[in-house]
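The structure file upload.tsv is reproduced below (TSV, C-alpha atoms).
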```
chain	number	residue	atom	x	y	z
L	126	MET	CA	51.58	56.46	55.75
L	127	SER	CA	52.55	54.56	58.86
L	128	ASP	CA	54.86	56.19	61.38
L	129	VAL	CA	57.17	53.23	60.76
L	130	PHE	CA	58.06	53.02	57.07
L	131	GLY	CA	60.89	50.64	56.31
L	132	PRO	CA	61.84	48.20	53.55
L	133	SER	CA	58.67	46.11	53.90
L	134	GLU	CA	56.42	49.15	53.69
L	135	PHE	CA	58.38	50.44	50.72
L	136	GLN	CA	58.05	47.13	48.90
L	137	ALA	CA	54.31	47.00	49.54
L	138	ALA	CA	53.78	50.59	48.39
L	139	SER	CA	55.99	50.48	45.30
L	140	GLY	CA	55.44	46.90	44.20
L	141	ALA	CA	59.19	46.29	44.08
L	142	SER	CA	60.31	42.79	43.15
L	143	PRO	CA	62.81	40.87	45.33
L	144	ALA	CA	65.59	41.77	42.86
L	145	GLN	CA	64.61	45.44	42.98
L	146	MET	CA	64.59	45.37	46.76
L	147	ALA	CA	68.07	43.86	46.78
L	148	ASP	CA	69.27	46.71	44.55
L	149	MET	CA	67.56	49.32	46.71
L	150	ILE	CA	69.18	47.96	49.86
L	151	ALA	CA	72.55	47.95	48.09
L	152	TYR	CA	72.00	51.52	46.90
L	153	ARG	CA	71.23	52.66	50.44
L	154	ALA	CA	74.45	51.03	51.63
L	155	VAL	CA	76.58	52.72	48.95
L	156	LEU	CA	74.88	56.05	49.69
L	157	GLY	CA	75.79	55.69	53.35
L	158	GLU	CA	79.36	54.77	52.47
L	159	TRP	CA	79.85	57.81	50.23
L	160	ASN	CA	77.96	60.11	52.58
L	161	GLU	CA	80.75	59.68	55.12
L	162	ARG	CA	83.14	61.29	52.63
L	163	MET	CA	80.94	63.96	51.04
L	164	ASN	CA	77.62	65.63	51.74
L	165	LEU	CA	75.19	63.82	49.42
L	166	VAL	CA	72.17	63.84	51.74
L	167	GLY	CA	71.42	65.35	55.13
L	168	PRO	CA	72.57	63.61	58.33
L	169	SER	CA	69.11	62.22	59.10
L	170	ALA	CA	68.39	61.14	55.53
L	171	LEU	CA	69.45	57.52	55.89
L	172	GLU	CA	67.15	57.11	58.90
L	173	SER	CA	64.16	58.17	56.80
L	174	PHE	CA	65.51	56.75	53.54
L	175	TRP	CA	62.64	54.43	52.66
L	176	LEU	CA	59.85	57.00	52.95
L	177	ARG	CA	61.38	60.42	52.29
L	178	HIS	CA	63.77	59.34	49.56
L	179	ALA	CA	63.09	55.88	48.15
L	180	TRP	CA	59.29	56.01	48.05
L	181	ASP	CA	59.27	59.70	47.16
L	182	SER	CA	61.31	58.80	44.07
L	183	ALA	CA	59.73	55.45	43.20
L	184	GLN	CA	56.22	56.91	43.00
L	185	LEU	CA	57.20	58.54	39.69
L	186	GLN	CA	57.29	55.21	37.88
L	187	LEU	CA	53.66	54.71	38.91
L	188	ILE	CA	52.77	58.04	37.28
L	189	GLU	CA	54.67	57.23	34.07
L	190	PRO	CA	54.59	53.40	33.97
L	191	ASP	CA	55.20	53.12	30.21
L	192	ALA	CA	58.15	55.54	29.97
L	193	LYS	CA	61.46	53.83	29.21
L	194	ILE	CA	63.83	56.75	28.65
L	195	TRP	CA	64.18	59.23	31.52
L	196	ALA	CA	66.46	62.15	32.34
L	197	ASP	CA	67.11	63.32	35.91
L	198	ILE	CA	68.39	66.91	36.11
L	199	GLY	CA	70.55	67.70	39.12
L	200	ALA	CA	70.77	63.99	39.89
L	201	GLY	CA	72.91	64.58	42.99
L	202	ALA	CA	72.55	61.58	45.29
L	203	GLY	CA	70.58	59.66	42.68
L	204	LEU	CA	67.13	60.72	43.75
L	205	PRO	CA	65.01	60.03	41.84
L	206	GLY	CA	67.22	58.84	38.95
L	207	ILE	CA	68.96	55.86	40.56
L	208	VAL	CA	65.69	54.65	42.08
L	209	LEU	CA	64.01	54.85	38.67
L	210	ALA	CA	66.90	52.95	37.09
L	211	VAL	CA	66.47	50.18	39.66
L	212	PHE	CA	62.79	49.84	38.73
L	213	LEU	CA	63.53	49.98	34.99
L	214	LYS	CA	66.40	47.49	35.14
L	215	GLU	CA	64.19	44.48	34.40
L	216	THR	CA	62.54	46.14	31.37
L	217	PRO	CA	64.34	45.88	28.01
L	218	GLY	CA	65.23	49.07	26.16
L	219	THR	CA	65.31	51.37	29.19
L	220	GLN	CA	67.77	54.13	30.05
L	221	VAL	CA	68.04	56.82	32.71
L	222	HIS	CA	70.25	59.83	31.98
L	223	LEU	CA	71.70	61.18	35.23
L	224	ILE	CA	72.63	64.84	34.66
L	225	GLU	CA	74.81	66.39	37.36
L	226	SER	CA	77.18	69.38	37.19
L	227	MET	CA	79.32	68.48	40.23
L	228	THR	CA	82.13	66.07	39.34
L	229	LYS	CA	82.32	64.50	42.82
L	230	ARG	CA	78.65	63.60	42.71
L	231	CYS	CA	79.09	62.18	39.23
L	232	ARG	CA	81.75	59.82	40.60
L	233	PHE	CA	79.29	58.62	43.21
L	234	LEU	CA	76.55	58.11	40.61
L	235	ALA	CA	78.92	56.22	38.32
L	236	ASP	CA	79.94	53.98	41.22
L	237	VAL	CA	76.33	53.07	41.99
L	238	VAL	CA	75.52	52.48	38.31
L	239	GLU	CA	78.52	50.16	37.95
L	240	ARG	CA	77.99	48.24	41.19
L	241	LEU	CA	74.30	47.60	40.49
L	242	SER	CA	74.63	47.21	36.70
L	243	LEU	CA	71.91	49.80	36.16
L	244	PRO	CA	70.59	51.00	32.77
L	245	ALA	CA	71.87	54.52	33.37
L	246	THR	CA	74.35	57.02	31.92
L	247	VAL	CA	76.02	59.78	33.94
L	248	HIS	CA	76.43	63.19	32.27
L	249	ASN	CA	78.81	65.60	34.05
L	250	ALA	CA	77.09	68.76	32.76
L	251	ARG	CA	74.46	71.39	33.48
L	252	GLY	CA	70.90	70.44	32.57
L	253	GLU	CA	70.43	73.19	30.00
L	254	ASP	CA	73.61	72.11	28.18
L	255	VAL	CA	72.60	68.48	27.63
L	256	VAL	CA	70.77	67.56	24.44
L	257	ILE	CA	69.53	63.96	24.41
L	258	GLU	CA	67.19	62.61	21.79
L	259	GLY	CA	64.39	60.24	22.68
L	260	VAL	CA	63.87	61.23	26.32
L	261	GLU	CA	60.24	60.58	27.25
L	262	VAL	CA	60.23	62.04	30.76
L	263	VAL	CA	62.52	64.61	32.38
L	264	THR	CA	62.44	64.83	36.16
L	265	ALA	CA	64.14	66.60	39.05
L	266	ARG	CA	63.97	66.70	42.82
L	267	ALA	CA	65.13	69.55	45.06
L	268	CYS	CA	66.93	71.09	42.10
L	269	ALA	CA	65.65	74.65	41.59
L	270	PRO	CA	62.50	76.80	41.70
L	271	MET	CA	60.07	76.06	38.88
L	272	THR	CA	61.01	79.02	36.67
L	273	ARG	CA	64.70	78.05	36.60
L	274	LEU	CA	63.93	74.34	36.46
L	275	LEU	CA	61.91	74.76	33.28
L	276	GLY	CA	64.89	76.56	31.78
L	277	PHE	CA	67.17	73.67	32.71
L	278	ALA	CA	64.74	71.19	31.18
L	279	GLU	CA	63.89	73.26	28.10
L	280	PRO	CA	66.15	71.39	25.62
L	281	LEU	CA	64.42	68.13	26.51
L	282	LEU	CA	60.90	69.56	26.77
L	283	LYS	CA	61.30	71.10	23.31
L	284	ARG	CA	62.08	67.63	21.96
L	285	GLY	CA	58.85	66.18	23.26
L	286	ALA	CA	59.71	65.03	26.78
L	287	ARG	CA	57.14	65.46	29.53
L	288	GLY	CA	58.24	67.06	32.77
L	289	VAL	CA	57.48	65.25	36.03
L	290	PHE	CA	58.95	67.27	38.87
L	291	LEU	CA	58.88	66.57	42.61
L	292	LYS	CA	58.05	69.76	44.51
L	293	GLY	CA	57.27	70.80	48.07
L	294	ARG	CA	54.60	72.79	49.84
L	295	ASP	CA	55.44	76.09	48.09
L	296	VAL	CA	54.61	74.79	44.62
L	297	ALA	CA	51.68	77.20	44.14
L	298	ASN	CA	53.94	80.24	44.57
L	299	GLU	CA	56.55	78.71	42.27
L	300	LEU	CA	53.96	78.17	39.55
L	301	VAL	CA	52.70	81.76	39.82
L	302	GLU	CA	56.25	82.97	39.17
L	303	ALA	CA	56.79	80.43	36.38
L	304	ARG	CA	53.71	81.65	34.51
L	305	LYS	CA	55.20	85.13	34.39
L	306	ALA	CA	58.22	83.86	32.47
L	307	TRP	CA	56.61	81.14	30.38
L	308	ARG	CA	53.85	82.16	27.97
L	309	ARG	CA	52.53	78.64	27.48
L	310	LEU	CA	52.61	76.30	30.43
L	311	ALA	CA	50.36	73.22	30.17
L	312	MET	CA	50.63	71.34	33.43
L	313	THR	CA	48.88	69.35	36.14
L	314	THR	CA	49.68	69.23	39.85
L	315	LEU	CA	49.30	65.88	41.62
L	316	PRO	CA	49.55	65.13	45.34
L	317	SER	CA	52.62	63.25	46.47
L	318	ARG	CA	52.06	59.71	47.76
L	319	SER	CA	55.01	59.94	50.12
L	320	ASP	CA	54.47	63.35	51.73
L	321	PRO	CA	51.11	65.01	52.53
L	322	GLU	CA	52.73	68.40	51.89
L	323	GLY	CA	54.48	67.31	48.69
L	324	ASN	CA	53.38	67.77	45.10
L	325	ILE	CA	54.28	66.47	41.66
L	326	VAL	CA	54.08	68.87	38.72
L	327	VAL	CA	53.48	67.23	35.33
L	328	VAL	CA	54.39	69.54	32.45
L	329	GLU	CA	53.13	68.73	28.95
L	330	ALA	CA	54.18	71.86	27.07
L	331	THR	CA	56.08	75.12	27.57
L	332	SER	CA	57.20	78.17	25.65
L	333	ARG	CA	58.87	81.32	26.90
L	334	GLY	CA	57.08	84.62	27.35
```
Once you've parsed the file, please lay out its structure as structure tokens.
Amino acid sequence: MSDVFGPSEFQAASGASPAQMADMIAYRAVLGEWNERMNLVGPSALESFWLRHAWDSAQLQLIEPDAKIWADIGAGAGLPGIVLAVFLKETPGTQVHLIESMTKRCRFLADVVERLSLPATVHNARGEDVVIEGVEVVTARACAPMTRLLGFAEPLLKRGARGVFLKGRDVANELVEARKAWRRLAMTTLPSRSDPEGNIVVVEATSRG
């Protein structure tokens, strides 16, 4: 990636339409507005928004281009869930379930969903407590180590959802620990397109040890 990665580079990489770009710019503005009141992202996050956050999230829809129903566990600042909802907005029959246990963050997510008219539903709950039928892909970013994350996602994985999780450089160690707790763990690790040290773990099946 170029040292300078802004809106134009994001649009070229992700294939975002003009309408999607307008929504992404609006989302960044709302994120900045709310970030002045509560800690949604780090202080330097808005400066690197398009590469570290927007493109990091948007790459998931290139991995699962046919998925219409997503769930984002620990949705927090809306990464990747809000970004996915922006890209799914133009496709009929889509829905992103934003699962977040902190009420303040849920208010932020609901504000973004309303302002941008996104196909998304906010659930103020813990991931392991939410049962949603029909979810095709469950995702998470900076939520928890892999062993705990699989536990959070278990209700959805058991109902046939695939897991597509954004992870960092320590993914190998996380997967070693996860295999100790999960007897069956069918998965693939893909390199991140946004970060040379990042990884994406695709989980097809799990069962506890």
One-decimal distance in Å that lies between atom CA of Trp195 of chain L and atom CA of Gly252 of chain L: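 That distance, rounded to one decimal, is 13.1 Å.
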Neighbour list for segment 275-288 of chain L as a ChimeraX atom specification, cut-off 12 Å, all atoms listed in the file, skip fewer than 4 positions in-chain: /L:185,188-189,192-199,222,224-226,250-266,268-271,299-300,302-304,306-307,309-314,325-333
Of the listed residues L:Ser173, L:Ser319, L:Thr228, L:Ser242, that which approaches Ile207 of chain L most closely, counting all atoms listed in the file: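 Counting all atoms listed in the file, the residue closest to Ile207 of chain L is L:Ser242.
Atom CA of Ala147 of chain L is positioned 19.7 Å from atom CA of Leu187 of chain L.
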Straight-line distance linking atom CA of Gly203 of chain L with atom CA of Thr272 of chain L, stated in Å to one decimal: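 Separation of atom CA of Gly203 of chain L and atom CA of Thr272 of chain L: 22.4 Å.
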Counting all atoms listed in the file, the option among L:Gly323, L:Gly157, L:Gly201, L:Pro244 closest to Gln184 of chain L: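 With all atoms listed in the file as the atom set, the closest residue is L:Gly323.
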Residue neighbourhood segment 131-145 of chain L, 12 Å, all atoms listed in the file, exclusion window fewer than 2 positions, as a PDB file with C-alpha atoms, in the frame of the given file:
```
ATOM      1  CA  MET L 126      51.580  56.460  55.750  1.00  0.00           C
ATOM      2  CA  SER L 127      52.550  54.560  58.860  1.00  0.00           C
ATOM      3  CA  ASP L 128      54.860  56.190  61.380  1.00  0.00           C
ATOM      4  CA  VAL L 129      57.170  53.230  60.760  1.00  0.00           C
ATOM      5  CA  ALA L 147      68.070  43.860  46.780  1.00  0.00           C
ATOM      6  CA  ASP L 148      69.270  46.710  44.550  1.00  0.00           C
ATOM      7  CA  MET L 149      67.560  49.320  46.710  1.00  0.00           C
ATOM      8  CA  ILE L 150      69.180  47.960  49.860  1.00  0.00           C
ATOM      9  CA  ALA L 151      72.550  47.950  48.090  1.00  0.00           C
ATOM     10  CA  TYR L 152      72.000  51.520  46.900  1.00  0.00           C
ATOM     11  CA  ARG L 153      71.230  52.660  50.440  1.00  0.00           C
ATOM     12  CA  LEU L 171      69.450  57.520  55.890  1.00  0.00           C
ATOM     13  CA  GLU L 172      67.150  57.110  58.900  1.00  0.00           C
ATOM     14  CA  SER L 173      64.160  58.170  56.800  1.00  0.00           C
ATOM     15  CA  PHE L 174      65.510  56.750  53.540  1.00  0.00           C
ATOM     16  CA  TRP L 175      62.640  54.430  52.660  1.00  0.00           C
ATOM     17  CA  LEU L 176      59.850  57.000  52.950  1.00  0.00           C
ATOM     18  CA  ARG L 177      61.380  60.420  52.290  1.00  0.00           C
ATOM     19  CA  HIS L 178      63.770  59.340  49.560  1.00  0.00           C
ATOM     20  CA  ALA L 179      63.090  55.880  48.150  1.00  0.00           C
ATOM     21  CA  TRP L 180      59.290  56.010  48.050  1.00  0.00           C
ATOM     22  CA  ASP L 181      59.270  59.700  47.160  1.00  0.00           C
ATOM     23  CA  SER L 182      61.310  58.800  44.070  1.00  0.00           C
ATOM     24  CA  ALA L 183      59.730  55.450  43.200  1.00  0.00           C
ATOM     25  CA  GLN L 184      56.220  56.910  43.000  1.00  0.00           C
ATOM     26  CA  LEU L 185      57.200  58.540  39.690  1.00  0.00           C
ATOM     27  CA  GLN L 186      57.290  55.210  37.880  1.00  0.00           C
ATOM     28  CA  LEU L 187      53.660  54.710  38.910  1.00  0.00           C
ATOM     29  CA  ILE L 188      52.770  58.040  37.280  1.00  0.00           C
ATOM     30  CA  PRO L 190      54.590  53.400  33.970  1.00  0.00           C
ATOM     31  CA  ILE L 207      68.960  55.860  40.560  1.00  0.00           C
ATOM     32  CA  VAL L 208      65.690  54.650  42.080  1.00  0.00           C
ATOM     33  CA  LEU L 209      64.010  54.850  38.670  1.00  0.00           C
ATOM     34  CA  ALA L 210      66.900  52.950  37.090  1.00  0.00           C
ATOM     35  CA  VAL L 211      66.470  50.180  39.660  1.00  0.00           C
ATOM     36  CA  PHE L 212      62.790  49.840  38.730  1.00  0.00           C
ATOM     37  CA  LEU L 213      63.530  49.980  34.990  1.00  0.00           C
ATOM     38  CA  LYS L 214      66.400  47.490  35.140  1.00  0.00           C
ATOM     39  CA  GLU L 215      64.190  44.480  34.400  1.00  0.00           C
ATOM     40  CA  THR L 216      62.540  46.140  31.370  1.00  0.00           C
ATOM     41  CA  LEU L 241      74.300  47.600  40.490  1.00  0.00           C
ATOM     42  CA  SER L 242      74.630  47.210  36.700  1.00  0.00           C
ATOM     43  CA  LEU L 243      71.910  49.800  36.160  1.00  0.00           C
ATOM     44  CA  ARG L 318      52.060  59.710  47.760  1.00  0.00           C
ATOM     45  CA  SER L 319      55.010  59.940  50.120  1.00  0.00           C
TER      46      SER L 319
END
```
Pick from L:Met227, L:Ala170, L:Val221, L:Met163, whichever lies nearest to Ala245 of chain L using all atoms listed in the file: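 Looking only at the distances to Ala245 of chain L, the closest residue turns out to be L:Val221.
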